[in-house]
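Here's the structure we're looking at; comments come further down.
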Amino acid sequence: VPSTELVIKYAQDLGLTNEQDLAAIEFLEKSRFVRLQNKNSLLLIKAGDLGPDHLLAHAHADSSTFELSYKGERLIVDSGIDRYGTYAERLRQRSSDAHNVVTIDGKNSSEVWSGFRVAQRAYAAEIHVGERDNSLYLSCGHKGYERLKDPVQYKREFILFENHLEMIDHIQAAKTHRYTWNLYTTKPRNVQVENQAIEPTSCKVNLSFGIQIDAYHYKVTLRGTSKKINSRIQLL
């Protein structure tokens with residue numbers, strides 16, 4: 001597959017240009033992917049379902065995950081995938097813990113299994129997107145944990161500023177659960193969860209199939225019934 005640079009150069013050689021500025025907000029209604037973009041940051045959020053119910057072979061348990069580029073460089077990334085088959089590592093790479101999401105009681109938001117299978121899956125919740133004073137805003141969520149014996153409702157808010165990202169994870173439950181907050185970055189950053197600075201552990205991420213780099217994993221585990229988890233990620 002040719003690189004983006006080669007495709008752009010080929011288009012320029014043909015005299016093709018695209019001078020249209022992108023809108024700050026783009027919501028793809030069918031897939032429910034959302035792009036929020038300001039001067040410095042580009043945020044991509046998977047706010048929809050895993051895919052069509054009849055074709056989920058390549059799906060991950062990644063509802064409400066996101067990636068972010070800052071000044072043209074990928075900064076917040078999912079940990080990616082580097083293999084097919086029925087390997088334990090492929091199953092881990094498809095799991096919720098391998099993505100920038102909150103997991104509950106150590107379970108996946110969708111029941112991925114074997115190499116290409118999905119059982120009970122998370123369906124998307126309602127989406128609200130817009131602009132605020134100096135920020136871009138998205139509210140989304142999923143129903144993946146409503147299948148638990150004590151059903152858990154989940155919603156996530158994104159507030160994107162030029163140089164930092166704020167998130168609020170809203171969790172409603174009747175009984176006590178274990179909530180694990182995950183974030184993967186290509187560079188170390190100032191990350192706070194519940195006003196506490198979080199130190200990362202070293203890890204590997206696959207930026208694309210076969211391209212693996214050193215990275216950083218921020219992880220926090222909290223316990224409670226209904227909970228609101230506030231987080232702030234400095235992008236500078």
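Each chain of the structure tokens is named A, B, ... in the order shown, its residues numbered from 1; ligands are numbered from 1 in display order.
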
Can you pull out every residue from stretch 22-116 of chain A that DSSP, working from the backbone, puts in alpha helix (DSSP H), and format the result as a ChimeraX atom specification? /A:88-94

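Near stretch 102-112 of chain A, within a cut-off of 8 Å and counting only C-alpha atoms, sit the residues Ala59, His60, Ala61, Asp62, Ser63, Leu91, Arg94, Ser95, Ser96, Asp97, Arg117, Val118, Ala119, Gln120, Arg121, Ala122, Gly144, Tyr145, His177, Arg178, Tyr179, Thr180, Trp181 and Asn182 of chain A, with same-chain residues fewer than 5 positions away left out.
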
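Comparing A:Gly130, A:Gly51, A:Gly85, A:Gly72 by their smallest distance to A:Ala23, the closest is A:Gly130 (using only C-alpha atoms).
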
Excluding stretch 210-220 of chain A and any residue of its chain fewer than 2 positions from it, enumerate the residues within 8 Å of it, using only C-alpha atoms, and give them as an mmCIF file with all heavy atoms, in the first residue's frame.
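The new file selection-v1.cif reads:
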```
data_model
loop_
_atom_site.group_PDB
_atom_site.id
_atom_site.type_symbol
_atom_site.label_atom_id
_atom_site.label_comp_id
_atom_site.auth_asym_id
_atom_site.auth_seq_id
_atom_site.Cartn_x
_atom_site.Cartn_y
_atom_site.Cartn_z
ATOM 1 N N ASP A 82 -1.261 -7.040 15.607
ATOM 2 C CA ASP A 82 -0.152 -7.434 14.738
ATOM 3 C C ASP A 82 -0.241 -8.878 14.256
ATOM 4 O O ASP A 82 0.726 -9.411 13.726
ATOM 5 C CB ASP A 82 1.187 -7.214 15.446
ATOM 6 C CG ASP A 82 1.412 -8.173 16.608
ATOM 7 O OD1 ASP A 82 0.459 -8.881 17.012
ATOM 8 O OD2 ASP A 82 2.547 -8.228 17.117
ATOM 9 N N THR A 180 -11.722 0.165 35.594
ATOM 10 C CA THR A 180 -10.326 0.348 35.186
ATOM 11 C C THR A 180 -10.266 1.297 33.999
ATOM 12 O O THR A 180 -10.850 1.034 32.948
ATOM 13 C CB THR A 180 -9.670 -0.995 34.824
ATOM 14 O OG1 THR A 180 -9.766 -1.882 35.944
ATOM 15 C CG2 THR A 180 -8.198 -0.795 34.478
ATOM 16 N N TRP A 181 -9.549 2.399 34.176
ATOM 17 C CA TRP A 181 -9.396 3.466 33.190
ATOM 18 C C TRP A 181 -8.074 3.266 32.470
ATOM 19 O O TRP A 181 -7.020 3.145 33.096
ATOM 20 C CB TRP A 181 -9.432 4.797 33.921
ATOM 21 C CG TRP A 181 -9.447 6.049 33.103
ATOM 22 C CD1 TRP A 181 -10.538 6.774 32.738
ATOM 23 C CD2 TRP A 181 -8.306 6.772 32.606
ATOM 24 N NE1 TRP A 181 -10.164 7.895 32.034
ATOM 25 C CE2 TRP A 181 -8.788 7.913 31.939
ATOM 26 C CE3 TRP A 181 -6.927 6.556 32.658
ATOM 27 C CZ2 TRP A 181 -7.947 8.835 31.332
ATOM 28 C CZ3 TRP A 181 -6.086 7.469 32.044
ATOM 29 C CH2 TRP A 181 -6.600 8.595 31.392
ATOM 30 N N ASN A 182 -8.095 3.204 31.137
ATOM 31 C CA ASN A 182 -6.897 2.927 30.337
ATOM 32 C C ASN A 182 -6.619 4.035 29.335
ATOM 33 O O ASN A 182 -7.538 4.601 28.750
ATOM 34 C CB ASN A 182 -7.077 1.623 29.537
ATOM 35 C CG ASN A 182 -7.139 0.401 30.417
ATOM 36 O OD1 ASN A 182 -6.130 -0.076 30.906
ATOM 37 N ND2 ASN A 182 -8.351 -0.126 30.609
ATOM 38 N N LEU A 183 -5.318 4.303 29.132
ATOM 39 C CA LEU A 183 -4.901 5.265 28.115
ATOM 40 C C LEU A 183 -3.521 4.862 27.597
ATOM 41 O O LEU A 183 -2.617 4.551 28.380
ATOM 42 C CB LEU A 183 -4.823 6.677 28.701
ATOM 43 C CG LEU A 183 -4.448 7.775 27.698
ATOM 44 C CD1 LEU A 183 -5.669 8.159 26.856
ATOM 45 C CD2 LEU A 183 -3.883 8.999 28.397
ATOM 46 N N TYR A 184 -3.350 4.886 26.267
ATOM 47 C CA TYR A 184 -2.069 4.560 25.634
ATOM 48 C C TYR A 184 -1.567 5.780 24.871
ATOM 49 O O TYR A 184 -2.316 6.376 24.078
ATOM 50 C CB TYR A 184 -2.225 3.382 24.670
ATOM 51 C CG TYR A 184 -2.557 2.078 25.366
ATOM 52 C CD1 TYR A 184 -3.888 1.746 25.645
ATOM 53 C CD2 TYR A 184 -1.560 1.190 25.740
ATOM 54 C CE1 TYR A 184 -4.197 0.558 26.287
ATOM 55 C CE2 TYR A 184 -1.865 -0.003 26.374
ATOM 56 C CZ TYR A 184 -3.187 -0.311 26.649
ATOM 57 O OH TYR A 184 -3.487 -1.481 27.294
ATOM 58 N N THR A 185 -0.298 6.147 25.074
ATOM 59 C CA THR A 185 0.285 7.295 24.387
ATOM 60 C C THR A 185 1.638 6.920 23.791
ATOM 61 O O THR A 185 2.326 6.028 24.286
ATOM 62 C CB THR A 185 0.489 8.495 25.334
ATOM 63 O OG1 THR A 185 1.476 8.169 26.324
ATOM 64 C CG2 THR A 185 -0.819 8.866 26.027
ATOM 65 N N THR A 186 2.010 7.642 22.740
ATOM 66 C CA THR A 186 3.310 7.418 22.113
ATOM 67 C C THR A 186 4.414 8.212 22.802
ATOM 68 O O THR A 186 5.603 7.937 22.602
ATOM 69 C CB THR A 186 3.278 7.812 20.630
ATOM 70 O OG1 THR A 186 2.908 9.201 20.520
ATOM 71 C CG2 THR A 186 2.256 6.957 19.870
ATOM 72 N N LYS A 187 4.020 9.213 23.601
ATOM 73 C CA LYS A 187 4.976 10.025 24.361
ATOM 74 C C LYS A 187 4.424 10.224 25.767
ATOM 75 O O LYS A 187 3.209 10.245 25.963
ATOM 76 C CB LYS A 187 5.184 11.386 23.689
ATOM 77 C CG LYS A 187 5.789 11.306 22.296
ATOM 78 C CD LYS A 187 5.927 12.692 21.689
ATOM 79 C CE LYS A 187 6.527 12.621 20.294
ATOM 80 N NZ LYS A 187 6.650 13.973 19.677
ATOM 81 N N PRO A 188 5.314 10.375 26.768
ATOM 82 C CA PRO A 188 4.799 10.614 28.120
ATOM 83 C C PRO A 188 4.144 11.985 28.216
ATOM 84 O O PRO A 188 4.629 12.957 27.632
ATOM 85 C CB PRO A 188 6.068 10.531 28.994
ATOM 86 C CG PRO A 188 7.198 10.849 28.058
ATOM 87 C CD PRO A 188 6.796 10.321 26.714
ATOM 88 N N VAL A 191 -0.902 13.307 32.852
ATOM 89 C CA VAL A 191 -2.241 12.713 32.850
ATOM 90 C C VAL A 191 -2.752 12.689 34.284
ATOM 91 O O VAL A 191 -2.070 12.188 35.190
ATOM 92 C CB VAL A 191 -2.216 11.278 32.274
ATOM 93 C CG1 VAL A 191 -3.598 10.633 32.372
ATOM 94 C CG2 VAL A 191 -1.732 11.295 30.825
ATOM 95 N N VAL A 193 -6.148 11.699 36.760
ATOM 96 C CA VAL A 193 -7.444 11.057 36.934
ATOM 97 C C VAL A 193 -7.901 11.332 38.350
ATOM 98 O O VAL A 193 -7.158 11.068 39.304
ATOM 99 C CB VAL A 193 -7.371 9.543 36.669
ATOM 100 C CG1 VAL A 193 -8.735 8.896 36.904
ATOM 101 C CG2 VAL A 193 -6.893 9.270 35.242
ATOM 102 N N ILE A 198 -0.945 10.512 37.219
ATOM 103 C CA ILE A 198 -0.778 9.081 36.991
ATOM 104 C C ILE A 198 0.556 8.833 36.297
ATOM 105 O O ILE A 198 0.886 9.487 35.308
ATOM 106 C CB ILE A 198 -1.927 8.538 36.108
ATOM 107 C CG1 ILE A 198 -3.286 8.918 36.709
ATOM 108 C CG2 ILE A 198 -1.806 7.031 35.933
ATOM 109 C CD1 ILE A 198 -3.506 8.439 38.113
ATOM 110 N N GLU A 199 1.325 7.898 36.829
ATOM 111 C CA GLU A 199 2.588 7.517 36.209
ATOM 112 C C GLU A 199 2.348 6.329 35.275
ATOM 113 O O GLU A 199 1.678 5.368 35.645
ATOM 114 C CB GLU A 199 3.620 7.146 37.271
ATOM 115 C CG GLU A 199 4.071 8.317 38.137
ATOM 116 C CD GLU A 199 4.758 9.399 37.324
ATOM 117 O OE1 GLU A 199 5.497 9.044 36.367
ATOM 118 O OE2 GLU A 199 4.544 10.586 37.618
ATOM 119 N N PRO A 200 2.914 6.372 34.077
ATOM 120 C CA PRO A 200 2.679 5.289 33.128
ATOM 121 C C PRO A 200 3.644 4.129 33.320
ATOM 122 O O PRO A 200 4.690 4.262 33.967
ATOM 123 C CB PRO A 200 2.932 5.959 31.781
ATOM 124 C CG PRO A 200 4.028 6.953 32.094
ATOM 125 C CD PRO A 200 3.711 7.468 33.480
ATOM 126 N N THR A 201 3.294 2.993 32.745
ATOM 127 C CA THR A 201 4.216 1.872 32.610
ATOM 128 C C THR A 201 4.600 1.760 31.135
ATOM 129 O O THR A 201 3.860 2.193 30.253
ATOM 130 C CB THR A 201 3.583 0.557 33.079
ATOM 131 O OG1 THR A 201 2.369 0.323 32.322
ATOM 132 C CG2 THR A 201 3.236 0.620 34.557
ATOM 133 N N SER A 202 5.772 1.186 30.882
ATOM 134 C CA SER A 202 6.225 1.021 29.505
ATOM 135 C C SER A 202 5.452 -0.112 28.838
ATOM 136 O O SER A 202 5.088 -1.102 29.474
ATOM 137 C CB SER A 202 7.719 0.716 29.469
ATOM 138 O OG SER A 202 8.452 1.793 30.021
ATOM 139 N N CYS A 203 5.200 0.040 27.557
ATOM 140 C CA CYS A 203 4.492 -0.997 26.809
ATOM 141 C C CYS A 203 4.874 -0.892 25.338
ATOM 142 O O CYS A 203 5.700 -0.058 24.951
ATOM 143 C CB CYS A 203 2.979 -0.867 26.982
ATOM 144 S SG CYS A 203 2.283 0.622 26.220
ATOM 145 N N LYS A 204 4.292 -1.727 24.520
ATOM 146 C CA LYS A 204 4.454 -1.680 23.072
ATOM 147 C C LYS A 204 3.090 -1.429 22.445
ATOM 148 O O LYS A 204 2.072 -1.933 22.932
ATOM 149 C CB LYS A 204 5.012 -3.002 22.540
ATOM 150 C CG LYS A 204 6.355 -3.411 23.118
ATOM 151 C CD LYS A 204 7.500 -2.641 22.503
ATOM 152 C CE LYS A 204 8.841 -3.209 22.952
ATOM 153 N NZ LYS A 204 9.976 -2.422 22.381
ATOM 154 N N VAL A 205 3.056 -0.652 21.371
ATOM 155 C CA VAL A 205 1.827 -0.499 20.604
ATOM 156 C C VAL A 205 2.140 -0.739 19.134
ATOM 157 O O VAL A 205 3.272 -0.539 18.683
ATOM 158 C CB VAL A 205 1.177 0.894 20.777
ATOM 159 C CG1 VAL A 205 0.815 1.147 22.227
ATOM 160 C CG2 VAL A 205 2.086 1.994 20.245
ATOM 161 N N ASN A 206 1.124 -1.178 18.395
ATOM 162 C CA ASN A 206 1.251 -1.418 16.965
ATOM 163 C C ASN A 206 0.558 -0.277 16.223
ATOM 164 O O ASN A 206 -0.664 -0.213 16.180
ATOM 165 C CB ASN A 206 0.621 -2.758 16.593
ATOM 166 C CG ASN A 206 1.296 -3.917 17.308
ATOM 167 O OD1 ASN A 206 2.411 -4.302 16.974
ATOM 168 N ND2 ASN A 206 0.620 -4.469 18.315
ATOM 169 N N LEU A 207 1.344 0.637 15.677
ATOM 170 C CA LEU A 207 0.765 1.778 14.973
ATOM 171 C C LEU A 207 0.036 1.336 13.717
ATOM 172 O O LEU A 207 -0.935 1.963 13.296
ATOM 173 C CB LEU A 207 1.848 2.791 14.626
ATOM 174 C CG LEU A 207 2.465 3.543 15.813
ATOM 175 C CD1 LEU A 207 3.459 4.576 15.318
ATOM 176 C CD2 LEU A 207 1.392 4.211 16.663
ATOM 177 N N SER A 208 0.508 0.270 13.106
ATOM 178 C CA SER A 208 -0.183 -0.388 12.008
ATOM 179 C C SER A 208 0.313 -1.824 11.996
ATOM 180 O O SER A 208 1.208 -2.196 12.767
ATOM 181 C CB SER A 208 0.069 0.315 10.668
ATOM 182 O OG SER A 208 1.438 0.287 10.340
ATOM 183 N N LEU A 222 -10.451 1.886 40.098
ATOM 184 C CA LEU A 222 -11.272 2.468 41.153
ATOM 185 C C LEU A 222 -12.410 1.514 41.485
ATOM 186 O O LEU A 222 -12.775 0.662 40.678
ATOM 187 C CB LEU A 222 -11.844 3.816 40.701
ATOM 188 C CG LEU A 222 -10.828 4.859 40.214
ATOM 189 C CD1 LEU A 222 -11.547 5.990 39.505
ATOM 190 C CD2 LEU A 222 -10.011 5.390 41.376
#
```

Please identify which residues in stretch 4-127 of chain A DSSP calls strand (DSSP E) from the backbone, and express them as a PyMOL selection string. chain A and resi 25-27+33-37+41-46+66-70+73-76+102-104+112-113+117-118

How would the residues just picked look written out with N, CA and C atoms as a compact mmCIF listing (two decimals), in the first residue's frame?
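What follows is the written file part-v1.txt:
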```txt
# COMPACT_ATOMS: atom_id res chain seq x y z
N ILE A 25 -16.14 19.96 13.35
CA ILE A 25 -16.87 18.76 13.79
C ILE A 25 -17.38 18.00 12.57
N GLU A 26 -17.13 16.72 12.56
CA GLU A 26 -17.72 15.87 11.52
C GLU A 26 -18.28 14.62 12.17
N PHE A 27 -19.55 14.35 11.92
CA PHE A 27 -20.24 13.20 12.48
C PHE A 27 -20.74 12.33 11.34
N PHE A 33 -18.75 7.36 13.64
CA PHE A 33 -17.44 7.90 13.99
C PHE A 33 -17.56 9.42 14.04
N VAL A 34 -16.81 10.03 14.96
CA VAL A 34 -16.85 11.48 15.12
C VAL A 34 -15.43 12.04 15.09
N ARG A 35 -15.26 13.13 14.35
CA ARG A 35 -13.98 13.84 14.34
C ARG A 35 -14.18 15.23 14.93
N LEU A 36 -13.36 15.57 15.94
CA LEU A 36 -13.32 16.91 16.50
C LEU A 36 -11.92 17.47 16.20
N GLN A 37 -11.84 18.66 15.65
CA GLN A 37 -10.55 19.20 15.24
C GLN A 37 -10.48 20.69 15.52
N SER A 41 -5.17 20.07 17.58
CA SER A 41 -5.53 18.69 17.90
C SER A 41 -6.59 18.14 16.96
N LEU A 42 -6.47 16.84 16.70
CA LEU A 42 -7.48 16.12 15.93
C LEU A 42 -7.87 14.88 16.73
N LEU A 43 -9.14 14.81 17.12
CA LEU A 43 -9.65 13.74 17.97
C LEU A 43 -10.63 12.89 17.17
N LEU A 44 -10.40 11.57 17.14
CA LEU A 44 -11.29 10.63 16.46
C LEU A 44 -11.90 9.69 17.50
N ILE A 45 -13.23 9.60 17.52
CA ILE A 45 -13.93 8.81 18.53
C ILE A 45 -14.81 7.77 17.85
N LYS A 46 -14.73 6.54 18.36
CA LYS A 46 -15.61 5.48 17.89
C LYS A 46 -16.86 5.49 18.76
N PHE A 66 -10.89 6.08 21.51
CA PHE A 66 -10.54 7.27 20.73
C PHE A 66 -9.05 7.29 20.46
N GLU A 67 -8.66 8.07 19.45
CA GLU A 67 -7.26 8.37 19.18
C GLU A 67 -7.14 9.88 18.97
N LEU A 68 -5.93 10.40 19.21
CA LEU A 68 -5.73 11.85 19.09
C LEU A 68 -4.36 12.14 18.50
N SER A 69 -4.33 13.04 17.53
CA SER A 69 -3.07 13.55 16.99
C SER A 69 -2.91 14.99 17.44
N TYR A 70 -1.66 15.35 17.78
CA TYR A 70 -1.37 16.71 18.25
C TYR A 70 -0.30 17.31 17.35
N GLU A 73 1.14 14.82 14.80
CA GLU A 73 1.77 13.58 15.25
C GLU A 73 0.81 12.77 16.11
N ARG A 74 0.77 11.46 15.87
CA ARG A 74 -0.11 10.60 16.65
C ARG A 74 0.38 10.56 18.10
N LEU A 75 -0.49 10.89 19.02
CA LEU A 75 -0.11 10.97 20.44
C LEU A 75 -0.86 9.94 21.28
N ILE A 76 -2.19 9.93 21.21
CA ILE A 76 -3.00 8.94 21.92
C ILE A 76 -3.45 7.91 20.91
N VAL A 102 -12.82 2.56 29.56
CA VAL A 102 -13.03 2.07 30.93
C VAL A 102 -13.57 0.65 30.85
N THR A 103 -12.93 -0.27 31.55
CA THR A 103 -13.46 -1.63 31.65
C THR A 103 -14.09 -1.82 33.02
N ILE A 104 -15.02 -2.74 33.10
CA ILE A 104 -15.76 -2.96 34.35
C ILE A 104 -15.63 -4.41 34.77
N VAL A 112 -15.67 -10.65 22.82
CA VAL A 112 -14.85 -11.16 21.71
C VAL A 112 -14.25 -12.49 22.14
N TRP A 113 -14.14 -13.43 21.19
CA TRP A 113 -13.58 -14.74 21.52
C TRP A 113 -13.01 -15.37 20.25
N ARG A 117 -14.47 -13.95 16.44
CA ARG A 117 -15.85 -14.15 16.90
C ARG A 117 -16.24 -13.06 17.90
N VAL A 118 -17.55 -12.74 17.92
CA VAL A 118 -18.13 -11.83 18.90
C VAL A 118 -19.46 -12.41 19.33
```

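Closest approach to A:His164 among A:Ala98, A:Ile233, A:Leu138, A:Ala124 is made by A:Ile233 (distances from only C-alpha atoms).
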
Nearest residue to A:Asp150 out of A:Ala197, A:Ala173, A:Ile81, A:Leu165, using only C-alpha atoms? A:Ala173

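Between A:Glu126 and the candidates A:Arg32, A:Arg232, A:Lys175, A:His58, the tightest atom-to-atom separation, counting only C-alpha atoms, involves A:Arg32.
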
Residues within 9 Å of A:Ser135, please, as an NGL selection string. Count only C-alpha atoms; anything in the same chain fewer than 4 positions from it doesn't count. :A and (38 or 130-131 or 159-162)

Same residues, C-alpha atoms, saved as a compact mmCIF listing (two decimals), in the first residue's frame:
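Writing done, so here's selection_4.txt:
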```txt
# COMPACT_ATOMS: atom_id res chain seq x y z
CA ASN A 38 -9.09 22.52 16.35
CA GLY A 130 -21.30 20.57 19.52
CA GLU A 131 -19.14 23.58 20.32
CA ILE A 159 -14.15 18.23 25.95
CA LEU A 160 -11.34 19.13 23.55
CA PHE A 161 -9.27 22.29 23.98
CA GLU A 162 -6.29 23.35 21.87
```

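Nearest to A:Asn134 of all the residues A:Asn163, A:Gln93, A:Tyr154, A:Ser31 is A:Asn163, counting only C-alpha atoms.
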